[in-house]
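Chemist: Once you've had a glance at the structure underneath, I'll fire off some questions.
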Amino acid sequence: MSDPKAISVLGICGSLRKASFNMAALNTAVELRPAGMTVTVADISQIPLYNEDVRAQGFPPPVETLRQQIKAADALLFACPEYNYSMSGVLKNAIDWASRPPEQPFAGKPLAIIGAAAGMAGSARAQYDLRRSCVFLDMHPLNKPEVLIGQAHTKFDAAGNLNDEAAKGFIRDLMTNLAAWTRQLAKK
Ligand SMILES: Cc1cc2nc3c(=O)[nH]c(=O)nc-3n(C[C@H](O)[C@H](O)[C@H](O)COP(=O)(O)O)c2cc1C
């Protein structure tokens with residue numbers, strides 16, 4: 001039997017800081033991806049604050065790039081920080097920009113979510129807000145496993161390595177399930 005078609009995933013991280021635990025978790029997910037999957041990480045650092053007047057003049061180049069990357073990807077992987085019990089403004093702003101018509105690029109996309117936070121809940125509240133936006137955008141979020149990395153400062157070293165075998169296991173399973181979910185939805 002031939003190998004199944006390769007799956008391309010676009011990673012989007014909601015934290016811009018250099019030593020971000022969420023970016024470190026995203027990098028761990030890239031390392032633990034299954035065979036036959038590629039992951040590209042989007043650069044959302046140059047996206048301006050959403051302004052409908054600006055949008056009326058056309059999408060700014062960093063937004064247009066993100067929209068094209070979303071359209072081209074078979075699936076998305078969000079790394080979701082928790083700010084004040086919700087997703088970060090950086091992540092919401094990027095989603096808001098990319099979601100505007102024409103051709104809303106999120107519609108029909110499979111996606112998975114990971115998150116790391118200082119609190120015990122490991123960004124659970126933010127992830128559920130993100131899931132709510134995914135429903136409105138007609139996406140197909142993978143349900144399980146949930147990857148909730150609580151007390152993140154105790155689980156990553158200074159180089160961004162995740163030193164928690166349980167969390168790594170959840171991330172590995174998530175990436176395997178994302179591949180299966182994407183193939184199931186695309187029937188490929
Ligand atoms: C504005 C702000 C709000 C925060 N709110 C929460 C919160 O609600 N829950 C939580 O667990 N951590 C909260 N934190 C701490 C973050 O989890 C912590 O800074 C984390 O490292 C951010 O993700 P990052 O490492 O990817 O940048 C907050 C941090 C900031 C800057």
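Order determines the names: the first chain of the structure tokens is A, the second B, and so forth; residues in each chain are numbered 1 upward, and ligands are numbered 1 upward as they are shown.
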Which chains and residue numbers are within 9 Å of ligand 1, counting only C-alpha atoms and all ligand atoms, if I want them as a ChimeraX atom specification?
Modeler: /A:13-25,79-88,115-126,150-153
Chemist: Please return, as a PDB file with all heavy atoms, in the first residue's frame, all residues of chain A that DSSP assigns to strand (DSSP E or B) on the basis of the backbone.
Modeler:
```pdb
ATOM      1  N   ILE A   7       0.792  15.662   5.165  1.00  0.00           N
ATOM      2  CA  ILE A   7      -0.090  16.686   5.748  1.00  0.00           C
ATOM      3  C   ILE A   7       0.742  17.911   6.107  1.00  0.00           C
ATOM      4  O   ILE A   7       1.774  17.794   6.769  1.00  0.00           O
ATOM      5  CB  ILE A   7      -0.771  16.131   7.018  1.00  0.00           C
ATOM      6  CG1 ILE A   7      -1.794  15.081   6.617  1.00  0.00           C
ATOM      7  CG2 ILE A   7      -1.429  17.238   7.832  1.00  0.00           C
ATOM      8  CD1 ILE A   7      -2.397  14.354   7.777  1.00  0.00           C
ATOM      9  N   SER A   8       0.282  19.085   5.645  1.00  0.00           N
ATOM     10  CA  SER A   8       0.992  20.321   5.999  1.00  0.00           C
ATOM     11  C   SER A   8       0.206  21.042   7.092  1.00  0.00           C
ATOM     12  O   SER A   8      -1.011  21.233   6.978  1.00  0.00           O
ATOM     13  CB  SER A   8       1.144  21.223   4.777  1.00  0.00           C
ATOM     14  OG  SER A   8      -0.117  21.648   4.318  1.00  0.00           O
ATOM     15  N   VAL A   9       0.921  21.415   8.142  1.00  0.00           N
ATOM     16  CA  VAL A   9       0.294  22.072   9.301  1.00  0.00           C
ATOM     17  C   VAL A   9       0.908  23.459   9.456  1.00  0.00           C
ATOM     18  O   VAL A   9       2.124  23.638   9.313  1.00  0.00           O
ATOM     19  CB  VAL A   9       0.537  21.246  10.588  1.00  0.00           C
ATOM     20  CG1 VAL A   9      -0.001  21.973  11.815  1.00  0.00           C
ATOM     21  CG2 VAL A   9      -0.098  19.867  10.462  1.00  0.00           C
ATOM     22  N   LEU A  10       0.058  24.444   9.735  1.00  0.00           N
ATOM     23  CA  LEU A  10       0.541  25.791  10.047  1.00  0.00           C
ATOM     24  C   LEU A  10       0.417  26.016  11.552  1.00  0.00           C
ATOM     25  O   LEU A  10      -0.684  25.935  12.108  1.00  0.00           O
ATOM     26  CB  LEU A  10      -0.273  26.845   9.287  1.00  0.00           C
ATOM     27  CG  LEU A  10       0.182  28.288   9.537  1.00  0.00           C
ATOM     28  CD1 LEU A  10       1.565  28.541   8.933  1.00  0.00           C
ATOM     29  CD2 LEU A  10      -0.834  29.290   8.981  1.00  0.00           C
ATOM     30  N   GLY A  11       1.539  26.289  12.209  1.00  0.00           N
ATOM     31  CA  GLY A  11       1.536  26.596  13.641  1.00  0.00           C
ATOM     32  C   GLY A  11       1.386  28.100  13.850  1.00  0.00           C
ATOM     33  O   GLY A  11       2.015  28.897  13.148  1.00  0.00           O
ATOM     34  N   ILE A  12       0.539  28.469  14.809  1.00  0.00           N
ATOM     35  CA  ILE A  12       0.320  29.890  15.126  1.00  0.00           C
ATOM     36  C   ILE A  12       0.444  30.037  16.639  1.00  0.00           C
ATOM     37  O   ILE A  12      -0.321  29.423  17.395  1.00  0.00           O
ATOM     38  CB  ILE A  12      -1.066  30.361  14.645  1.00  0.00           C
ATOM     39  CG1 ILE A  12      -1.197  30.167  13.129  1.00  0.00           C
ATOM     40  CG2 ILE A  12      -1.298  31.831  15.027  1.00  0.00           C
ATOM     41  CD1 ILE A  12      -2.580  30.510  12.564  1.00  0.00           C
ATOM     42  N   CYS A  13       1.419  30.845  17.069  1.00  0.00           N
ATOM     43  CA  CYS A  13       1.660  31.009  18.506  1.00  0.00           C
ATOM     44  C   CYS A  13       1.162  32.376  18.964  1.00  0.00           C
ATOM     45  O   CYS A  13       1.510  33.401  18.365  1.00  0.00           O
ATOM     46  CB  CYS A  13       3.149  30.855  18.809  1.00  0.00           C
ATOM     47  SG  CYS A  13       3.522  31.096  20.561  1.00  0.00           S
ATOM     48  N   MET A  37       4.181  14.425   8.129  1.00  0.00           N
ATOM     49  CA  MET A  37       3.592  15.725   8.490  1.00  0.00           C
ATOM     50  C   MET A  37       4.692  16.783   8.465  1.00  0.00           C
ATOM     51  O   MET A  37       5.783  16.557   8.978  1.00  0.00           O
ATOM     52  CB  MET A  37       2.970  15.666   9.888  1.00  0.00           C
ATOM     53  CG  MET A  37       2.405  17.010  10.367  1.00  0.00           C
ATOM     54  SD  MET A  37       1.872  16.958  12.100  1.00  0.00           S
ATOM     55  CE  MET A  37       0.242  16.260  11.950  1.00  0.00           C
ATOM     56  N   THR A  38       4.403  17.941   7.849  1.00  0.00           N
ATOM     57  CA  THR A  38       5.320  19.076   7.937  1.00  0.00           C
ATOM     58  C   THR A  38       4.627  20.177   8.734  1.00  0.00           C
ATOM     59  O   THR A  38       3.395  20.321   8.648  1.00  0.00           O
ATOM     60  CB  THR A  38       5.686  19.642   6.547  1.00  0.00           C
ATOM     61  OG1 THR A  38       4.486  20.070   5.896  1.00  0.00           O
ATOM     62  CG2 THR A  38       6.383  18.595   5.689  1.00  0.00           C
ATOM     63  N   VAL A  39       5.410  20.924   9.508  1.00  0.00           N
ATOM     64  CA  VAL A  39       4.837  22.040  10.278  1.00  0.00           C
ATOM     65  C   VAL A  39       5.638  23.305   9.973  1.00  0.00           C
ATOM     66  O   VAL A  39       6.868  23.317  10.101  1.00  0.00           O
ATOM     67  CB  VAL A  39       4.868  21.778  11.802  1.00  0.00           C
ATOM     68  CG1 VAL A  39       4.162  22.919  12.540  1.00  0.00           C
ATOM     69  CG2 VAL A  39       4.239  20.439  12.158  1.00  0.00           C
ATOM     70  N   THR A  40       4.929  24.345   9.548  1.00  0.00           N
ATOM     71  CA  THR A  40       5.523  25.667   9.350  1.00  0.00           C
ATOM     72  C   THR A  40       4.947  26.573  10.432  1.00  0.00           C
ATOM     73  O   THR A  40       3.754  26.488  10.728  1.00  0.00           O
ATOM     74  CB  THR A  40       5.101  26.235   7.970  1.00  0.00           C
ATOM     75  OG1 THR A  40       5.496  25.314   6.971  1.00  0.00           O
ATOM     76  CG2 THR A  40       5.724  27.587   7.703  1.00  0.00           C
ATOM     77  N   VAL A  41       5.805  27.420  11.017  1.00  0.00           N
ATOM     78  CA  VAL A  41       5.299  28.325  12.063  1.00  0.00           C
ATOM     79  C   VAL A  41       5.129  29.726  11.471  1.00  0.00           C
ATOM     80  O   VAL A  41       6.062  30.292  10.889  1.00  0.00           O
ATOM     81  CB  VAL A  41       6.241  28.334  13.281  1.00  0.00           C
ATOM     82  CG1 VAL A  41       5.743  29.339  14.327  1.00  0.00           C
ATOM     83  CG2 VAL A  41       6.332  26.936  13.892  1.00  0.00           C
ATOM     84  N   ALA A  75      -4.029  21.721   7.911  1.00  0.00           N
ATOM     85  CA  ALA A  75      -4.517  21.803   9.296  1.00  0.00           C
ATOM     86  C   ALA A  75      -3.756  22.918  10.017  1.00  0.00           C
ATOM     87  O   ALA A  75      -2.691  23.349   9.564  1.00  0.00           O
ATOM     88  CB  ALA A  75      -4.287  20.470  10.021  1.00  0.00           C
ATOM     89  N   LEU A  76      -4.303  23.350  11.136  1.00  0.00           N
ATOM     90  CA  LEU A  76      -3.666  24.397  11.945  1.00  0.00           C
ATOM     91  C   LEU A  76      -3.341  23.855  13.334  1.00  0.00           C
ATOM     92  O   LEU A  76      -4.011  22.922  13.820  1.00  0.00           O
ATOM     93  CB  LEU A  76      -4.594  25.606  12.080  1.00  0.00           C
ATOM     94  CG  LEU A  76      -5.101  26.240  10.773  1.00  0.00           C
ATOM     95  CD1 LEU A  76      -6.012  27.420  11.084  1.00  0.00           C
ATOM     96  CD2 LEU A  76      -3.943  26.683   9.892  1.00  0.00           C
ATOM     97  N   LEU A  77      -2.336  24.452  13.944  1.00  0.00           N
ATOM     98  CA  LEU A  77      -1.973  24.108  15.326  1.00  0.00           C
ATOM     99  C   LEU A  77      -1.765  25.412  16.081  1.00  0.00           C
ATOM    100  O   LEU A  77      -0.828  26.163  15.793  1.00  0.00           O
ATOM    101  CB  LEU A  77      -0.683  23.274  15.338  1.00  0.00           C
ATOM    102  CG  LEU A  77      -0.102  22.940  16.708  1.00  0.00           C
ATOM    103  CD1 LEU A  77      -1.086  22.098  17.517  1.00  0.00           C
ATOM    104  CD2 LEU A  77       1.231  22.206  16.557  1.00  0.00           C
ATOM    105  N   PHE A  78      -2.659  25.703  17.023  1.00  0.00           N
ATOM    106  CA  PHE A  78      -2.558  26.930  17.806  1.00  0.00           C
ATOM    107  C   PHE A  78      -1.818  26.656  19.110  1.00  0.00           C
ATOM    108  O   PHE A  78      -2.151  25.697  19.823  1.00  0.00           O
ATOM    109  CB  PHE A  78      -3.938  27.473  18.157  1.00  0.00           C
ATOM    110  CG  PHE A  78      -4.680  28.088  17.005  1.00  0.00           C
ATOM    111  CD1 PHE A  78      -5.744  27.429  16.404  1.00  0.00           C
ATOM    112  CD2 PHE A  78      -4.327  29.337  16.514  1.00  0.00           C
ATOM    113  CE1 PHE A  78      -6.445  27.994  15.348  1.00  0.00           C
ATOM    114  CE2 PHE A  78      -5.021  29.920  15.456  1.00  0.00           C
ATOM    115  CZ  PHE A  78      -6.071  29.248  14.870  1.00  0.00           C
ATOM    116  N   ALA A  79      -0.879  27.521  19.458  1.00  0.00           N
ATOM    117  CA  ALA A  79      -0.276  27.523  20.792  1.00  0.00           C
ATOM    118  C   ALA A  79      -0.877  28.730  21.515  1.00  0.00           C
ATOM    119  O   ALA A  79      -0.674  29.874  21.118  1.00  0.00           O
ATOM    120  CB  ALA A  79       1.235  27.632  20.706  1.00  0.00           C
ATOM    121  N   GLU A  82      -2.543  31.982  28.116  1.00  0.00           N
ATOM    122  CA  GLU A  82      -3.718  32.471  28.856  1.00  0.00           C
ATOM    123  C   GLU A  82      -3.401  33.827  29.464  1.00  0.00           C
ATOM    124  O   GLU A  82      -2.482  33.954  30.274  1.00  0.00           O
ATOM    125  CB  GLU A  82      -4.117  31.486  29.957  1.00  0.00           C
ATOM    126  CG  GLU A  82      -5.381  31.933  30.694  1.00  0.00           C
ATOM    127  CD  GLU A  82      -5.967  30.820  31.543  1.00  0.00           C
ATOM    128  OE1 GLU A  82      -6.613  29.923  30.984  1.00  0.00           O
ATOM    129  OE2 GLU A  82      -5.758  30.846  32.773  1.00  0.00           O
ATOM    130  N   TYR A  83      -4.169  34.821  29.050  1.00  0.00           N
ATOM    131  CA  TYR A  83      -4.054  36.167  29.610  1.00  0.00           C
ATOM    132  C   TYR A  83      -5.392  36.511  30.255  1.00  0.00           C
ATOM    133  O   TYR A  83      -6.422  36.600  29.565  1.00  0.00           O
ATOM    134  CB  TYR A  83      -3.772  37.196  28.508  1.00  0.00           C
ATOM    135  CG  TYR A  83      -2.331  37.302  28.041  1.00  0.00           C
ATOM    136  CD1 TYR A  83      -1.340  36.406  28.455  1.00  0.00           C
ATOM    137  CD2 TYR A  83      -1.954  38.319  27.166  1.00  0.00           C
ATOM    138  CE1 TYR A  83      -0.028  36.519  28.019  1.00  0.00           C
ATOM    139  CE2 TYR A  83      -0.641  38.447  26.727  1.00  0.00           C
ATOM    140  CZ  TYR A  83       0.306  37.546  27.153  1.00  0.00           C
ATOM    141  OH  TYR A  83       1.600  37.664  26.711  1.00  0.00           O
ATOM    142  N   SER A  86      -8.290  34.370  29.407  1.00  0.00           N
ATOM    143  CA  SER A  86      -8.726  34.244  28.011  1.00  0.00           C
ATOM    144  C   SER A  86      -7.494  34.152  27.120  1.00  0.00           C
ATOM    145  O   SER A  86      -6.361  34.149  27.607  1.00  0.00           O
ATOM    146  CB  SER A  86      -9.616  35.421  27.630  1.00  0.00           C
ATOM    147  OG  SER A  86     -10.167  35.202  26.344  1.00  0.00           O
ATOM    148  N   MET A  87      -7.716  34.054  25.804  1.00  0.00           N
ATOM    149  CA  MET A  87      -6.562  33.982  24.905  1.00  0.00           C
ATOM    150  C   MET A  87      -5.887  35.352  24.833  1.00  0.00           C
ATOM    151  O   MET A  87      -6.504  36.378  25.152  1.00  0.00           O
ATOM    152  CB  MET A  87      -6.997  33.488  23.518  1.00  0.00           C
ATOM    153  CG  MET A  87      -7.730  34.488  22.673  1.00  0.00           C
ATOM    154  SD  MET A  87      -8.216  33.803  21.064  1.00  0.00           S
ATOM    155  CE  MET A  87      -9.943  33.412  21.370  1.00  0.00           C
ATOM    156  N   PRO A 110      -9.287  21.558   9.887  1.00  0.00           N
ATOM    157  CA  PRO A 110      -9.019  20.860  11.139  1.00  0.00           C
ATOM    158  C   PRO A 110      -7.962  21.630  11.929  1.00  0.00           C
ATOM    159  O   PRO A 110      -7.106  22.294  11.332  1.00  0.00           O
ATOM    160  CB  PRO A 110      -8.437  19.510  10.687  1.00  0.00           C
ATOM    161  CG  PRO A 110      -8.394  19.539   9.203  1.00  0.00           C
ATOM    162  CD  PRO A 110      -8.718  20.905   8.722  1.00  0.00           C
ATOM    163  N   LEU A 111      -8.035  21.540  13.232  1.00  0.00           N
ATOM    164  CA  LEU A 111      -7.021  22.216  14.043  1.00  0.00           C
ATOM    165  C   LEU A 111      -6.847  21.508  15.379  1.00  0.00           C
ATOM    166  O   LEU A 111      -7.739  20.782  15.836  1.00  0.00           O
ATOM    167  CB  LEU A 111      -7.422  23.672  14.321  1.00  0.00           C
ATOM    168  CG  LEU A 111      -8.516  23.844  15.359  1.00  0.00           C
ATOM    169  CD1 LEU A 111      -8.040  24.627  16.537  1.00  0.00           C
ATOM    170  CD2 LEU A 111      -9.720  24.459  14.733  1.00  0.00           C
ATOM    171  N   ALA A 112      -5.691  21.740  15.967  1.00  0.00           N
ATOM    172  CA  ALA A 112      -5.419  21.270  17.320  1.00  0.00           C
ATOM    173  C   ALA A 112      -4.892  22.448  18.129  1.00  0.00           C
ATOM    174  O   ALA A 112      -4.398  23.428  17.570  1.00  0.00           O
ATOM    175  CB  ALA A 112      -4.407  20.126  17.294  1.00  0.00           C
ATOM    176  N   ILE A 113      -5.023  22.325  19.452  1.00  0.00           N
ATOM    177  CA  ILE A 113      -4.619  23.409  20.354  1.00  0.00           C
ATOM    178  C   ILE A 113      -3.702  22.854  21.435  1.00  0.00           C
ATOM    179  O   ILE A 113      -3.990  21.791  22.020  1.00  0.00           O
ATOM    180  CB  ILE A 113      -5.856  24.053  21.024  1.00  0.00           C
ATOM    181  CG1 ILE A 113      -6.832  24.583  19.964  1.00  0.00           C
ATOM    182  CG2 ILE A 113      -5.428  25.179  21.965  1.00  0.00           C
ATOM    183  CD1 ILE A 113      -8.166  25.069  20.544  1.00  0.00           C
ATOM    184  N   ILE A 114      -2.618  23.589  21.686  1.00  0.00           N
ATOM    185  CA  ILE A 114      -1.782  23.315  22.846  1.00  0.00           C
ATOM    186  C   ILE A 114      -1.662  24.618  23.630  1.00  0.00           C
ATOM    187  O   ILE A 114      -1.910  25.686  23.079  1.00  0.00           O
ATOM    188  CB  ILE A 114      -0.365  22.817  22.461  1.00  0.00           C
ATOM    189  CG1 ILE A 114       0.352  23.858  21.570  1.00  0.00           C
ATOM    190  CG2 ILE A 114      -0.440  21.483  21.748  1.00  0.00           C
ATOM    191  CD1 ILE A 114       1.769  23.434  21.187  1.00  0.00           C
ATOM    192  N   GLY A 115      -1.299  24.526  24.893  1.00  0.00           N
ATOM    193  CA  GLY A 115      -1.133  25.756  25.649  1.00  0.00           C
ATOM    194  C   GLY A 115      -0.302  25.541  26.901  1.00  0.00           C
ATOM    195  O   GLY A 115      -0.333  24.459  27.504  1.00  0.00           O
ATOM    196  N   ALA A 116       0.449  26.574  27.256  1.00  0.00           N
ATOM    197  CA  ALA A 116       1.266  26.558  28.468  1.00  0.00           C
ATOM    198  C   ALA A 116       1.002  27.851  29.225  1.00  0.00           C
ATOM    199  O   ALA A 116       0.879  28.910  28.610  1.00  0.00           O
ATOM    200  CB  ALA A 116       2.749  26.449  28.112  1.00  0.00           C
ATOM    201  N   HIS A 140     -12.814  22.777  12.566  1.00  0.00           N
ATOM    202  CA  HIS A 140     -13.047  21.453  13.144  1.00  0.00           C
ATOM    203  C   HIS A 140     -11.962  21.142  14.174  1.00  0.00           C
ATOM    204  O   HIS A 140     -10.969  20.468  13.869  1.00  0.00           O
ATOM    205  CB  HIS A 140     -13.050  20.396  12.042  1.00  0.00           C
ATOM    206  CG  HIS A 140     -14.105  20.618  11.016  1.00  0.00           C
ATOM    207  ND1 HIS A 140     -15.461  20.613  11.321  1.00  0.00           N
ATOM    208  CD2 HIS A 140     -14.030  20.901   9.705  1.00  0.00           C
ATOM    209  CE1 HIS A 140     -16.159  20.856  10.231  1.00  0.00           C
ATOM    210  NE2 HIS A 140     -15.317  21.041   9.236  1.00  0.00           N
ATOM    211  N   PRO A 141     -12.142  21.615  15.418  1.00  0.00           N
ATOM    212  CA  PRO A 141     -11.116  21.386  16.440  1.00  0.00           C
ATOM    213  C   PRO A 141     -11.064  19.908  16.851  1.00  0.00           C
ATOM    214  O   PRO A 141     -12.109  19.261  17.012  1.00  0.00           O
ATOM    215  CB  PRO A 141     -11.573  22.241  17.633  1.00  0.00           C
ATOM    216  CG  PRO A 141     -12.700  23.086  17.140  1.00  0.00           C
ATOM    217  CD  PRO A 141     -13.263  22.425  15.923  1.00  0.00           C
ATOM    218  N   VAL A 147      -3.935  19.470  25.668  1.00  0.00           N
ATOM    219  CA  VAL A 147      -2.546  19.695  26.098  1.00  0.00           C
ATOM    220  C   VAL A 147      -2.534  20.972  26.935  1.00  0.00           C
ATOM    221  O   VAL A 147      -2.567  22.082  26.413  1.00  0.00           O
ATOM    222  CB  VAL A 147      -1.592  19.790  24.895  1.00  0.00           C
ATOM    223  CG1 VAL A 147      -0.184  20.109  25.370  1.00  0.00           C
ATOM    224  CG2 VAL A 147      -1.605  18.492  24.089  1.00  0.00           C
ATOM    225  N   LEU A 148      -2.521  20.775  28.247  1.00  0.00           N
ATOM    226  CA  LEU A 148      -2.614  21.875  29.210  1.00  0.00           C
ATOM    227  C   LEU A 148      -1.358  21.835  30.077  1.00  0.00           C
ATOM    228  O   LEU A 148      -1.281  21.040  31.022  1.00  0.00           O
ATOM    229  CB  LEU A 148      -3.855  21.695  30.085  1.00  0.00           C
ATOM    230  CG  LEU A 148      -5.193  21.492  29.354  1.00  0.00           C
ATOM    231  CD1 LEU A 148      -6.280  21.009  30.316  1.00  0.00           C
ATOM    232  CD2 LEU A 148      -5.633  22.771  28.664  1.00  0.00           C
ATOM    233  N   ILE A 149      -0.386  22.646  29.744  1.00  0.00           N
ATOM    234  CA  ILE A 149       0.886  22.612  30.470  1.00  0.00           C
ATOM    235  C   ILE A 149       0.849  23.677  31.565  1.00  0.00           C
ATOM    236  O   ILE A 149       1.104  24.864  31.315  1.00  0.00           O
ATOM    237  CB  ILE A 149       2.078  22.815  29.513  1.00  0.00           C
ATOM    238  CG1 ILE A 149       1.991  21.809  28.352  1.00  0.00           C
ATOM    239  CG2 ILE A 149       3.403  22.683  30.277  1.00  0.00           C
ATOM    240  CD1 ILE A 149       3.013  22.039  27.254  1.00  0.00           C
ATOM    241  N   PHE A 156       9.802  23.731  31.580  1.00  0.00           N
ATOM    242  CA  PHE A 156      10.719  24.008  30.463  1.00  0.00           C
ATOM    243  C   PHE A 156      12.042  24.491  31.050  1.00  0.00           C
ATOM    244  O   PHE A 156      12.051  25.233  32.036  1.00  0.00           O
ATOM    245  CB  PHE A 156      10.165  25.105  29.557  1.00  0.00           C
ATOM    246  CG  PHE A 156       8.941  24.697  28.768  1.00  0.00           C
ATOM    247  CD1 PHE A 156       7.666  24.878  29.307  1.00  0.00           C
ATOM    248  CD2 PHE A 156       9.055  24.148  27.498  1.00  0.00           C
ATOM    249  CE1 PHE A 156       6.535  24.524  28.583  1.00  0.00           C
ATOM    250  CE2 PHE A 156       7.928  23.778  26.776  1.00  0.00           C
ATOM    251  CZ  PHE A 156       6.665  23.970  27.314  1.00  0.00           C
ATOM    252  N   LEU A 162      11.216  20.929  26.865  1.00  0.00           N
ATOM    253  CA  LEU A 162      10.152  20.482  27.765  1.00  0.00           C
ATOM    254  C   LEU A 162      10.648  19.256  28.528  1.00  0.00           C
ATOM    255  O   LEU A 162      10.947  18.219  27.927  1.00  0.00           O
ATOM    256  CB  LEU A 162       8.897  20.149  26.937  1.00  0.00           C
ATOM    257  CG  LEU A 162       7.679  19.636  27.691  1.00  0.00           C
ATOM    258  CD1 LEU A 162       7.231  20.599  28.789  1.00  0.00           C
ATOM    259  CD2 LEU A 162       6.514  19.398  26.704  1.00  0.00           C
TER     260      LEU A 162
END
```
Chemist: Could you give me, as a Markdown table, every stretch 102-161 of chain A residue with an atom at most 12 Å from stretch 50-64 of chain A, plus its closest atom pair and distance in Å to one decimal, counting only C-alpha atoms, rows ordered by chain then number?
Modeler:
```
| residue | atom | partner | partner_atom | distance |
| --- | --- | --- | --- | --- |
| A:Pro102 | CA | A:Phe59 | CA | 10.8 |
| A:Gln104 | CA | A:Glu64 | CA | 11.9 |
| A:Pro105 | CA | A:Glu64 | CA | 10.8 |
```
Chemist: Please produce, as a tab-separated table, a per-residue contact table for stretch 24-52 of chain A versus stretch 175-179 of chain A (criterion: any atom at most 9 Å away, only C-alpha atoms considered), showing the nearest atom pair and its distance in Å to one decimal, sorted by chain then residue number.
Modeler:
```
residue	atom	partner	partner_atom	distance
A:Ala29	CA	A:Met175	CA	7.0
A:Val30	CA	A:Met175	CA	8.6
A:Leu32	CA	A:Met175	CA	7.3
A:Arg33	CA	A:Met175	CA	5.5
A:Pro34	CA	A:Thr176	CA	5.9
A:Gly36	CA	A:Ala179	CA	8.6
A:Met37	CA	A:Ala179	CA	7.4
```
Chemist: Just to be explicit: take each residue in the selection above, keep all heavy atoms, and write the result as a short mmCIF file (atom, residue, chain, number, x, y, z; two decimals), in the first residue's frame.
Modeler:
```
data_model
loop_
_atom_site.label_atom_id
_atom_site.label_comp_id
_atom_site.auth_asym_id
_atom_site.auth_seq_id
_atom_site.Cartn_x
_atom_site.Cartn_y
_atom_site.Cartn_z
N ALA A 29 6.08 20.26 19.72
CA ALA A 29 5.11 19.58 18.85
C ALA A 29 5.71 19.30 17.48
O ALA A 29 5.47 18.24 16.88
CB ALA A 29 3.84 20.42 18.73
N VAL A 30 6.50 20.24 16.98
CA VAL A 30 7.17 20.03 15.69
C VAL A 30 8.09 18.82 15.79
O VAL A 30 8.10 17.94 14.93
CB VAL A 30 7.94 21.29 15.25
CG1 VAL A 30 8.74 21.01 13.98
CG2 VAL A 30 6.99 22.47 15.03
N LEU A 32 7.88 16.31 17.79
CA LEU A 32 7.17 15.06 18.06
C LEU A 32 6.12 14.72 17.01
O LEU A 32 5.33 13.79 17.20
CB LEU A 32 6.50 15.14 19.45
CG LEU A 32 7.47 15.32 20.62
CD1 LEU A 32 6.69 15.47 21.94
CD2 LEU A 32 8.44 14.16 20.71
N ARG A 33 6.12 15.46 15.90
CA ARG A 33 5.12 15.20 14.84
C ARG A 33 5.34 13.81 14.25
O ARG A 33 6.47 13.30 14.23
CB ARG A 33 5.20 16.27 13.75
CG ARG A 33 6.43 16.14 12.87
CD ARG A 33 6.62 17.36 11.99
NE ARG A 33 7.73 17.18 11.07
CZ ARG A 33 9.01 17.30 11.38
NH1 ARG A 33 9.38 17.57 12.63
NH2 ARG A 33 9.94 17.13 10.46
N PRO A 34 4.28 13.20 13.74
CA PRO A 34 4.44 11.88 13.13
C PRO A 34 5.07 11.99 11.73
O PRO A 34 5.12 13.09 11.16
CB PRO A 34 3.00 11.37 13.03
CG PRO A 34 2.16 12.59 12.96
CD PRO A 34 2.87 13.64 13.77
N GLY A 36 5.32 11.96 7.81
CA GLY A 36 4.34 12.38 6.82
C GLY A 36 3.64 13.68 7.17
O GLY A 36 2.61 14.00 6.58
N MET A 37 4.18 14.43 8.13
CA MET A 37 3.59 15.72 8.49
C MET A 37 4.69 16.78 8.47
O MET A 37 5.78 16.56 8.98
CB MET A 37 2.97 15.67 9.89
CG MET A 37 2.41 17.01 10.37
SD MET A 37 1.87 16.96 12.10
CE MET A 37 0.24 16.26 11.95
#
```
Chemist: Considering only C-alpha atoms, can you say which of A:Ile44, A:Leu91, A:Ile70, A:Ala35 comes closest to A:Ala107?
Modeler: A:Ile70
Chemist: Enter the distance from atom CA of A:Gly160 to atom CA of A:Thr28, in Å, rounded to one decimal.
Modeler: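 Between atom CA of A:Gly160 and atom CA of A:Thr28 the gap is 8.8 Å.
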Chemist: Would you please extract all helix (DSSP H, G or I) residues from stretch 79-153 of chain A, as assigned by DSSP on the backbone, and give them as a list in words?
Modeler: Gly89, Val90, Leu91, Lys92, Asn93, Ala94, Ile95, Asp96, Trp97, Ala98, Ala124, Arg125, Ala126, Gln127, Tyr128, Asp129, Leu130, Arg131, Arg132, Ser133, Cys134, Val135, Phe136, Ala152 and His153 of chain A
Chemist: Would you save the residues from that selection as a compact mmCIF listing (two decimals), in the first residue's frame, using C-alpha atoms?
Modeler:
```txt
# COMPACT_ATOMS: atom_id res chain seq x y z
CA GLY A 89 -4.78 39.78 22.42
CA VAL A 90 -2.00 38.93 19.97
CA LEU A 91 -3.68 35.66 19.04
CA LYS A 92 -7.20 37.08 18.93
CA ASN A 93 -6.05 40.00 16.82
CA ALA A 94 -4.37 37.71 14.28
CA ILE A 95 -7.49 35.53 14.10
CA ASP A 96 -9.74 38.59 13.73
CA TRP A 97 -7.67 39.96 10.83
CA ALA A 98 -7.37 36.64 9.01
CA ALA A 124 -7.57 25.70 29.86
CA ARG A 125 -9.80 28.76 30.14
CA ALA A 126 -8.06 30.47 27.22
CA GLN A 127 -8.26 27.30 25.15
CA TYR A 128 -12.01 27.11 25.67
CA ASP A 129 -12.41 30.70 24.51
CA LEU A 130 -10.32 29.85 21.45
CA ARG A 131 -12.53 26.82 20.78
CA ARG A 132 -15.58 29.10 20.88
CA SER A 133 -14.08 31.31 18.16
CA CYS A 134 -13.22 28.18 16.16
CA VAL A 135 -16.88 27.19 16.18
CA PHE A 136 -17.94 30.59 14.85
CA ALA A 152 5.07 26.09 32.71
CA HIS A 153 8.07 27.75 34.35
```
Chemist: Would you compute the distance between atom CA of A:Lys109 and atom CA of A:Gln46? Give it in Å to one decimal.
Modeler: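 One can read the atom CA of A:Lys109 to atom CA of A:Gln46 distance as 23.8 Å.
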Chemist: Quick one: residues within 8 Å of A:Gln69, only C-alpha atoms, excluding same-chain residues fewer than 3 positions away - as number ranges by chain?
Modeler: A: 10, 42, 65-66, 72-73
Chemist: Report, in Å to a single decimal, how far apart atom CA of A:Phe106 and atom CA of A:Ala186 are.
Modeler: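 These atoms are spaced 14.7 Å apart.
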